[in-house]
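Novice: Can you read through this structure? Questions will come right after.
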Amino acid sequence: MISRETDQVIQKAFQAKLDRTLREKEIEIIQYWKERLDRLIAAKPEGISALKLEMQRLSDMMENRVKVVKKGCV
């Protein structure tokens, strides 16, 4: 039988690992979208409509990603 102290130590270790993993994943996600935005900033679109179109594509990608992640949470 596992003692209460041992159980708490295991729980804290698991929580620390989970927190670390979540932070790493969040950093990866932010870096991905920052790279996409940097590419958009570096692009030399031919006018406002081209820039708006690229921004809309980026927005659509983000929306699709949110849907995929939400679907996985259900």
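Every chain in the structure tokens has a letter given in the order shown (A, B, ...), and although residue numbers restart at 1 in each chain, ligands are simply numbered from 1 in the order shown.
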Please provide the set of residues having any atom within 10 Å of stretch 26-41 of chain A, restricted to only C-alpha atoms, with same-chain residues fewer than 5 positions apart removed, written as a PDB file with N, CA and C atoms, in the first residue's frame.
Specialist:
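Wrote it out as selection-v9.pdb, contents follow:
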ATOM      1  N   ARG A  20       5.446  21.281 -17.168  1.00  0.00           N
ATOM      2  CA  ARG A  20       6.605  21.487 -18.042  1.00  0.00           C
ATOM      3  C   ARG A  20       6.239  21.145 -19.487  1.00  0.00           C
ATOM      4  N   THR A  21       5.552  20.039 -19.684  1.00  0.00           N
ATOM      5  CA  THR A  21       5.151  19.621 -21.025  1.00  0.00           C
ATOM      6  C   THR A  21       4.192  20.633 -21.646  1.00  0.00           C
ATOM      7  N   LEU A  51      -2.447  41.803 -49.207  1.00  0.00           N
ATOM      8  CA  LEU A  51      -2.093  41.668 -47.797  1.00  0.00           C
ATOM      9  C   LEU A  51      -3.297  41.160 -46.997  1.00  0.00           C
ATOM     10  N   GLU A  54      -3.779  37.450 -47.576  1.00  0.00           N
ATOM     11  CA  GLU A  54      -2.822  36.646 -46.820  1.00  0.00           C
ATOM     12  C   GLU A  54      -3.177  36.621 -45.338  1.00  0.00           C
ATOM     13  N   MET A  55      -3.629  37.739 -44.807  1.00  0.00           N
ATOM     14  CA  MET A  55      -4.049  37.791 -43.402  1.00  0.00           C
ATOM     15  C   MET A  55      -5.268  36.896 -43.185  1.00  0.00           C
ATOM     16  N   LEU A  58      -4.144  33.299 -43.036  1.00  0.00           N
ATOM     17  CA  LEU A  58      -3.547  33.010 -41.733  1.00  0.00           C
ATOM     18  C   LEU A  58      -4.640  32.855 -40.674  1.00  0.00           C
ATOM     19  N   MET A  61      -6.312  29.522 -41.127  1.00  0.00           N
ATOM     20  CA  MET A  61      -5.473  28.437 -40.614  1.00  0.00           C
ATOM     21  C   MET A  61      -5.603  28.325 -39.100  1.00  0.00           C
ATOM     22  N   MET A  62      -5.591  29.475 -38.440  1.00  0.00           N
ATOM     23  CA  MET A  62      -5.706  29.482 -36.973  1.00  0.00           C
ATOM     24  C   MET A  62      -7.074  28.946 -36.546  1.00  0.00           C
TER      25      MET A  62
END
Novice: Could you tell me how far atom CA of A:Val69 lies from atom CA of A:Leu22, in Å and to one decimal?
Specialist: 14.0 Å
Novice: Distance atom CA of A:Leu18-atom CA of A:Gly72, one decimal place?
Specialist: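 One can read the atom CA of A:Leu18 to atom CA of A:Gly72 distance as 17.9 Å.
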